[in-house]
$ cat data_26.cif   # mmCIF, C-alpha atoms
data_model
loop_
_atom_site.label_atom_id
_atom_site.label_comp_id
_atom_site.auth_asym_id
_atom_site.auth_seq_id
_atom_site.Cartn_x
_atom_site.Cartn_y
_atom_site.Cartn_z
CA VAL A 294 -12.91 -23.33 -37.73
CA GLU A 295 -9.94 -23.92 -35.39
CA VAL A 296 -11.07 -21.10 -33.09
CA ALA A 297 -14.60 -22.50 -33.03
CA THR A 298 -13.24 -25.95 -32.22
CA LEU A 299 -11.15 -24.55 -29.37
CA GLN A 300 -14.15 -22.61 -28.11
CA PHE A 301 -16.34 -25.73 -28.30
CA LYS A 302 -13.74 -27.68 -26.31
CA ALA A 303 -13.48 -24.93 -23.71
CA ASP A 304 -17.26 -24.70 -23.41
CA THR A 305 -17.49 -28.49 -23.15
CA ARG A 306 -14.94 -28.48 -20.31
CA GLU A 307 -16.91 -25.82 -18.46
CA LEU A 308 -20.17 -27.73 -18.92
CA THR A 309 -18.49 -30.90 -17.67
CA LYS A 310 -17.29 -29.04 -14.58
CA ALA A 311 -20.79 -27.66 -13.97
CA GLU A 312 -22.27 -31.13 -14.43
CA ALA A 313 -19.80 -32.54 -11.89
CA ARG A 314 -20.81 -29.82 -9.42
CA LEU A 315 -24.48 -30.65 -9.95
CA ASN A 316 -23.74 -34.35 -9.41
CA ARG A 317 -21.99 -33.55 -6.13
CA LEU A 318 -24.97 -31.45 -5.07
CA SER A 319 -27.32 -34.26 -5.97
CA LYS A 320 -25.30 -36.68 -3.84
CA ALA A 321 -25.37 -34.20 -0.97
CA ALA A 322 -29.14 -33.86 -1.31
CA ASN A 323 -29.52 -37.65 -1.28
CA SER A 324 -27.34 -37.82 1.81
CA ALA A 325 -29.45 -35.13 3.47
CA GLU A 326 -32.59 -37.08 2.62
CA HIS A 327 -31.07 -40.20 4.16
CA ASN A 328 -30.22 -38.21 7.30
CA LEU A 329 -33.80 -36.94 7.40
CA ASP A 330 -35.04 -40.52 7.25
CA ASP A 331 -32.78 -41.36 10.19
CA MET A 332 -34.16 -38.36 12.09
CA ASN A 333 -37.66 -39.50 11.27
CA ASP A 334 -36.89 -42.90 12.79
CA GLU A 335 -35.82 -41.11 15.95
CA MET A 336 -39.12 -39.24 15.98
CA LYS A 337 -41.08 -42.50 16.15
CA LYS A 338 -41.51 -41.95 19.85
CA GLY A 339 -43.63 -38.88 19.07
CA SER A 340 -47.09 -38.79 17.52
CA SER A 341 -47.57 -39.90 13.94
CA VAL A 342 -48.85 -36.42 12.99
CA ALA A 343 -45.74 -34.72 14.40
CA LYS A 344 -43.55 -37.26 12.67
CA GLY A 345 -45.22 -36.70 9.30
CA MET A 346 -45.10 -32.92 9.62
CA GLY A 347 -41.46 -32.99 10.65
CA LYS A 348 -40.46 -35.16 7.71
CA ALA A 349 -42.48 -33.04 5.26
CA VAL A 350 -40.97 -29.77 6.51
CA LEU A 351 -37.42 -31.12 6.49
CA GLY A 352 -37.88 -32.68 3.06
CA LEU A 353 -39.25 -29.43 1.67
CA ALA A 354 -36.37 -27.45 3.17
CA SER A 355 -33.87 -29.88 1.65
CA ALA A 356 -35.51 -29.69 -1.78
CA LEU A 357 -35.66 -25.88 -1.72
CA GLY A 358 -32.01 -25.65 -0.69
CA THR A 359 -30.96 -27.98 -3.51
CA MET A 360 -32.99 -25.98 -6.04
CA ALA A 361 -31.45 -22.71 -4.84
CA VAL A 362 -27.91 -24.07 -5.15
CA ALA A 363 -28.61 -25.48 -8.62
CA GLY A 364 -30.08 -22.13 -9.69
CA LYS A 365 -26.98 -20.32 -8.45
CA ILE A 366 -24.71 -22.70 -10.37
CA ILE A 367 -26.66 -22.05 -13.56
CA GLU A 368 -26.50 -18.29 -12.97
CA VAL A 369 -22.72 -18.41 -12.43
CA ALA A 370 -22.27 -20.54 -15.57
CA ARG A 371 -24.30 -18.02 -17.57
CA GLU A 372 -22.22 -15.11 -16.23
CA PHE A 373 -19.03 -17.01 -17.07
CA ASP A 374 -20.24 -17.51 -20.65
CA VAL A 375 -20.90 -13.77 -21.03
CA VAL A 376 -17.49 -12.84 -19.61
CA SER A 377 -15.79 -15.46 -21.79
CA ALA A 378 -17.47 -14.17 -24.94
CA SER A 379 -16.59 -10.55 -24.08
CA LEU A 380 -12.96 -11.43 -23.42
CA LYS A 381 -12.70 -13.30 -26.72
CA THR A 382 -14.10 -10.31 -28.54
CA VAL A 383 -11.79 -7.70 -27.00
CA THR A 384 -8.64 -9.85 -27.04
CA GLY A 385 -9.31 -11.29 -30.48
CA SER A 386 -8.60 -14.93 -29.60
CA THR A 387 -9.41 -17.79 -27.27
CA GLU A 388 -5.81 -17.84 -26.04
CA GLY A 389 -5.87 -14.11 -25.36
CA ALA A 390 -9.15 -14.48 -23.53
CA GLN A 391 -7.69 -17.23 -21.36
CA ARG A 392 -4.62 -15.14 -20.50
CA ALA A 393 -6.85 -12.18 -19.69
CA PHE A 394 -9.13 -14.33 -17.54
CA ASN A 395 -6.14 -15.64 -15.59
CA GLN A 396 -4.98 -12.06 -15.00
CA ILE A 397 -8.49 -11.05 -13.92
CA GLN A 398 -8.79 -13.99 -11.51
CA GLN A 399 -5.46 -13.16 -9.91
CA PHE A 400 -6.38 -9.49 -9.54
CA ALA A 401 -9.86 -10.25 -8.14
CA ALA A 402 -8.36 -12.64 -5.58
CA THR A 403 -6.13 -9.91 -4.15
CA THR A 404 -8.57 -6.98 -4.14
CA PRO A 405 -12.00 -6.23 -2.70
CA TYR A 406 -13.49 -6.43 -6.18
CA ASP A 407 -15.27 -9.57 -7.35
CA LEU A 408 -14.55 -11.44 -10.55
CA GLN A 409 -17.50 -9.91 -12.41
CA GLN A 410 -16.52 -6.31 -11.53
CA VAL A 411 -12.92 -6.86 -12.59
CA SER A 412 -14.00 -8.63 -15.78
CA ASN A 413 -16.32 -5.78 -16.71
CA ALA A 414 -13.59 -3.23 -15.99
CA PHE A 415 -11.06 -5.15 -18.09
CA VAL A 416 -13.46 -5.48 -21.03
CA LYS A 417 -14.40 -1.78 -20.93
CA LEU A 418 -10.78 -0.68 -20.81
CA MET A 419 -9.87 -2.94 -23.74
CA ALA A 420 -12.91 -1.79 -25.72
CA PHE A 421 -11.85 1.84 -25.27
CA GLY A 422 -8.28 1.03 -26.26
CA LEU A 423 -6.94 1.64 -22.75
CA ASP A 424 -4.43 -0.39 -20.75
CA PRO A 425 -6.09 -3.00 -18.50
CA SER A 426 -2.80 -3.96 -16.81
CA GLU A 427 -2.68 -4.98 -13.17
CA GLU A 428 -0.99 -1.68 -12.34
CA ALA A 429 -3.71 0.34 -14.08
CA LEU A 430 -6.52 -1.67 -12.48
CA THR A 431 -4.87 -1.32 -9.06
CA SER A 432 -4.59 2.43 -9.49
CA TYR A 433 -8.19 2.78 -10.65
CA GLY A 434 -9.38 0.49 -7.87
CA ASN A 435 -7.46 2.40 -5.19
CA THR A 436 -8.85 5.71 -6.42
CA ALA A 437 -12.40 4.36 -6.51
CA SER A 438 -12.08 2.89 -3.00
CA ALA A 439 -10.64 6.11 -1.61
CA MET A 440 -13.63 8.04 -2.91
CA GLY A 441 -16.22 5.45 -1.88
CA LYS A 442 -17.09 4.68 -5.48
CA ASP A 443 -17.26 1.41 -7.34
CA LEU A 444 -14.64 0.29 -9.82
CA ASN A 445 -17.03 0.54 -12.77
CA GLN A 446 -17.65 4.24 -12.07
CA MET A 447 -13.92 4.92 -12.13
CA ILE A 448 -13.42 2.98 -15.35
CA GLU A 449 -16.21 4.94 -17.02
CA ALA A 450 -14.70 8.23 -15.81
CA VAL A 451 -11.31 7.22 -17.25
CA ALA A 452 -12.94 6.18 -20.51
CA ASP A 453 -14.72 9.54 -20.71
CA ALA A 454 -11.44 11.35 -20.02
CA ALA A 455 -9.79 9.44 -22.86
CA THR A 456 -12.31 11.07 -25.20
CA GLY A 457 -11.77 14.56 -23.74
CA GLU A 458 -14.72 14.56 -21.33
CA PHE A 459 -13.36 15.30 -17.85
CA GLU A 460 -16.56 16.01 -15.92
CA ARG A 461 -16.82 12.57 -14.30
CA LEU A 462 -13.24 12.72 -13.03
CA LYS A 463 -14.37 15.48 -10.65
CA GLU A 464 -16.37 12.84 -8.73
CA PHE A 465 -12.99 11.34 -7.83
CA GLY A 466 -11.36 14.62 -6.86
CA ILE A 467 -9.41 14.79 -10.11
CA LYS A 468 -9.27 18.10 -11.93
CA ALA A 469 -8.30 17.87 -15.58
CA ARG A 470 -8.32 20.14 -18.59
CA GLN A 471 -7.37 19.85 -22.19
CA GLU A 472 -4.68 22.01 -23.70
#
$ encode --input "data_26.cif" --output "structure tokens"
Amino acid sequence: VEVATLQFKADTRELTKAEARLNRLSKAANSAEHNLDDMNDEMKKGSSVAKGMGKAVLGLASALGTMAVAGKIIEVAREFDVVSASLKTVTGSTEGAQRAFNQIQQFAATTPYDLQQVSNAFVKLMAFGLDPSEEALTSYGNTASAMGKDLNQMIEAVADAATGEFERLKEFGIKARQE
């Protein structure tokens, strides 16, 4: 019950943040509409047809832009929920998930990999019982970059190697054998 309560509070905070972002976007859209009205006033010197078309086109562009931004925010929130749930599962607690997420954010900020790639790599490593430390992720990331591969491919090759399957390591120039 305590874990569920903590999760509910964390989710509520994230929803509040998303709502605040949407409110800021709404204010920006209203401001853009006001600016369009001002532009329309300036167009009064032109024909009424041109004025109407200009306002309609600009209004439509503003509305489409606002919808696209709102859609992106919803998509990011959905991805965050998936990552959060995965981290809670592999770490076994909300606190562990938060620590892991902080580590992932720090690593993603200092590498060419985005938050989603690093999160997926971390979760896979944990799920396979492997070390998702910053040093390990850096090593895997450097190897993947050197070979022109993505981080996920390297993580999967390492995971395969942990189970005695070394074939995928060859894609990274690593020869391995079991003794």
$ closest_residue --input "data_26.cif" --among "A:Leu430, A:Val416, A:Val383, A:Met447" --to "A:Arg461" --atoms "only C-alpha atoms"
A:Met447
$ closest_residue --input "data_26.cif" --among "A:Ala437, A:Ala420, A:Ile467, A:Leu444" --to "A:Leu408" --atoms "only C-alpha atoms"
A:Leu444
$ closest_residue --input "data_26.cif" --among "A:Glu460, A:Ile448, A:Leu423, A:Asp453" --to "A:Asn435" --atoms "all atoms listed in the file"
A:Ile448
$ closest_residue --input "data_26.cif" --among "A:Gln471, A:Asn445, A:Ser377, A:Gln410" --to "A:Gly457" --atoms "all atoms listed in the file"
A:Gln471
$ atom_distance --input "data_26.cif" --atom1 "atom CA of A:Pro405" --atom2 "atom CA of A:Ala469"
27.6 Å
$ axis_aligned_box --input "data_26.cif" --around "stretch 398-414 of chain A" --padding-each-side "3 Å" --output "lines of an AutoDock Vina configuration file"
center_x = -11.5
center_y = -8.6
center_z = -9.7
size_x = 18.0
size_y = 16.8
size_z = 20.0
$ atom_distance --input "data_26.cif" --atom1 "atom CA of A:Ala439" --atom2 "atom CA of A:Lys468"
15.9 Å
$ resolve_selection --input "data_26.cif" --expression "the PyMOL selection byres ((chain A and resi 376) around 12)" --output "number ranges by chain"
A: 369-375, 377-384, 390-391, 393-394, 397-398, 408-417
$ build_atoms --input "data_26.cif" --residues "stretch 424-455 of chain A" --atoms "N, CA and C atoms" --output "CSV table (one decimal), in the coordinates of the input"
chain,number,residue,atom,x,y,z
A,424,ASP,N,-5.2,0.7,-21.3
A,424,ASP,CA,-4.4,-0.4,-20.8
A,424,ASP,C,-5.1,-1.0,-19.6
A,425,PRO,N,-5.5,-2.3,-19.6
A,425,PRO,CA,-6.1,-3.0,-18.5
A,425,PRO,C,-5.1,-3.8,-17.7
A,426,SER,N,-3.8,-3.3,-17.6
A,426,SER,CA,-2.8,-4.0,-16.8
A,426,SER,C,-3.2,-4.0,-15.3
A,427,GLU,N,-2.4,-4.9,-14.6
A,427,GLU,CA,-2.7,-5.0,-13.2
A,427,GLU,C,-2.4,-3.6,-12.5
A,428,GLU,N,-1.3,-3.0,-12.9
A,428,GLU,CA,-1.0,-1.7,-12.3
A,428,GLU,C,-2.1,-0.6,-12.6
A,429,ALA,N,-2.6,-0.6,-13.8
A,429,ALA,CA,-3.7,0.3,-14.1
A,429,ALA,C,-5.0,0.0,-13.3
A,430,LEU,N,-5.3,-1.3,-13.2
A,430,LEU,CA,-6.5,-1.7,-12.5
A,430,LEU,C,-6.3,-1.4,-11.0
A,431,THR,N,-5.1,-1.6,-10.5
A,431,THR,CA,-4.9,-1.3,-9.1
A,431,THR,C,-5.0,0.2,-8.8
A,432,SER,N,-4.5,1.0,-9.7
A,432,SER,CA,-4.6,2.4,-9.5
A,432,SER,C,-6.0,2.9,-9.5
A,433,TYR,N,-6.8,2.4,-10.5
A,433,TYR,CA,-8.2,2.8,-10.6
A,433,TYR,C,-9.0,2.3,-9.4
A,434,GLY,N,-8.7,1.1,-9.0
A,434,GLY,CA,-9.4,0.5,-7.9
A,434,GLY,C,-9.1,1.3,-6.6
A,435,ASN,N,-7.8,1.6,-6.4
A,435,ASN,CA,-7.5,2.4,-5.2
A,435,ASN,C,-8.2,3.8,-5.2
A,436,THR,N,-8.2,4.4,-6.3
A,436,THR,CA,-8.8,5.7,-6.4
A,436,THR,C,-10.3,5.6,-6.1
A,437,ALA,N,-11.0,4.6,-6.7
A,437,ALA,CA,-12.4,4.4,-6.5
A,437,ALA,C,-12.7,4.1,-5.0
A,438,SER,N,-11.9,3.2,-4.4
A,438,SER,CA,-12.1,2.9,-3.0
A,438,SER,C,-11.9,4.1,-2.1
A,439,ALA,N,-10.9,4.9,-2.4
A,439,ALA,CA,-10.6,6.1,-1.6
A,439,ALA,C,-11.8,7.1,-1.6
A,440,MET,N,-12.5,7.1,-2.8
A,440,MET,CA,-13.6,8.0,-2.9
A,440,MET,C,-15.0,7.4,-2.6
A,441,GLY,N,-15.0,6.1,-2.2
A,441,GLY,CA,-16.2,5.4,-1.9
A,441,GLY,C,-17.1,5.1,-3.1
A,442,LYS,N,-16.4,5.0,-4.2
A,442,LYS,CA,-17.1,4.7,-5.5
A,442,LYS,C,-16.8,3.2,-5.9
A,443,ASP,N,-17.5,2.8,-6.9
A,443,ASP,CA,-17.3,1.4,-7.3
A,443,ASP,C,-16.3,1.5,-8.5
A,444,LEU,N,-15.7,0.4,-8.8
A,444,LEU,CA,-14.6,0.3,-9.8
A,444,LEU,C,-15.2,0.7,-11.2
A,445,ASN,N,-16.4,0.2,-11.5
A,445,ASN,CA,-17.0,0.5,-12.8
A,445,ASN,C,-17.2,2.1,-13.0
A,446,GLN,N,-17.5,2.8,-11.9
A,446,GLN,CA,-17.6,4.2,-12.1
A,446,GLN,C,-16.3,4.9,-12.4
A,447,MET,N,-15.2,4.4,-11.8
A,447,MET,CA,-13.9,4.9,-12.1
A,447,MET,C,-13.5,4.6,-13.6
A,448,ILE,N,-13.8,3.4,-14.0
A,448,ILE,CA,-13.4,3.0,-15.4
A,448,ILE,C,-14.2,3.9,-16.4
A,449,GLU,N,-15.4,4.1,-16.1
A,449,GLU,CA,-16.2,4.9,-17.0
A,449,GLU,C,-15.7,6.4,-17.0
A,450,ALA,N,-15.3,6.9,-15.9
A,450,ALA,CA,-14.7,8.2,-15.8
A,450,ALA,C,-13.4,8.3,-16.6
A,451,VAL,N,-12.6,7.3,-16.5
A,451,VAL,CA,-11.3,7.2,-17.2
A,451,VAL,C,-11.6,7.1,-18.7
A,452,ALA,N,-12.6,6.3,-19.1
A,452,ALA,CA,-12.9,6.2,-20.5
A,452,ALA,C,-13.4,7.5,-21.1
A,453,ASP,N,-14.3,8.2,-20.3
A,453,ASP,CA,-14.7,9.5,-20.7
A,453,ASP,C,-13.5,10.5,-20.9
A,454,ALA,N,-12.6,10.5,-19.9
A,454,ALA,CA,-11.4,11.4,-20.0
A,454,ALA,C,-10.6,11.1,-21.3
A,455,ALA,N,-10.6,9.8,-21.7
A,455,ALA,CA,-9.8,9.4,-22.9
A,455,ALA,C,-10.4,10.1,-24.1
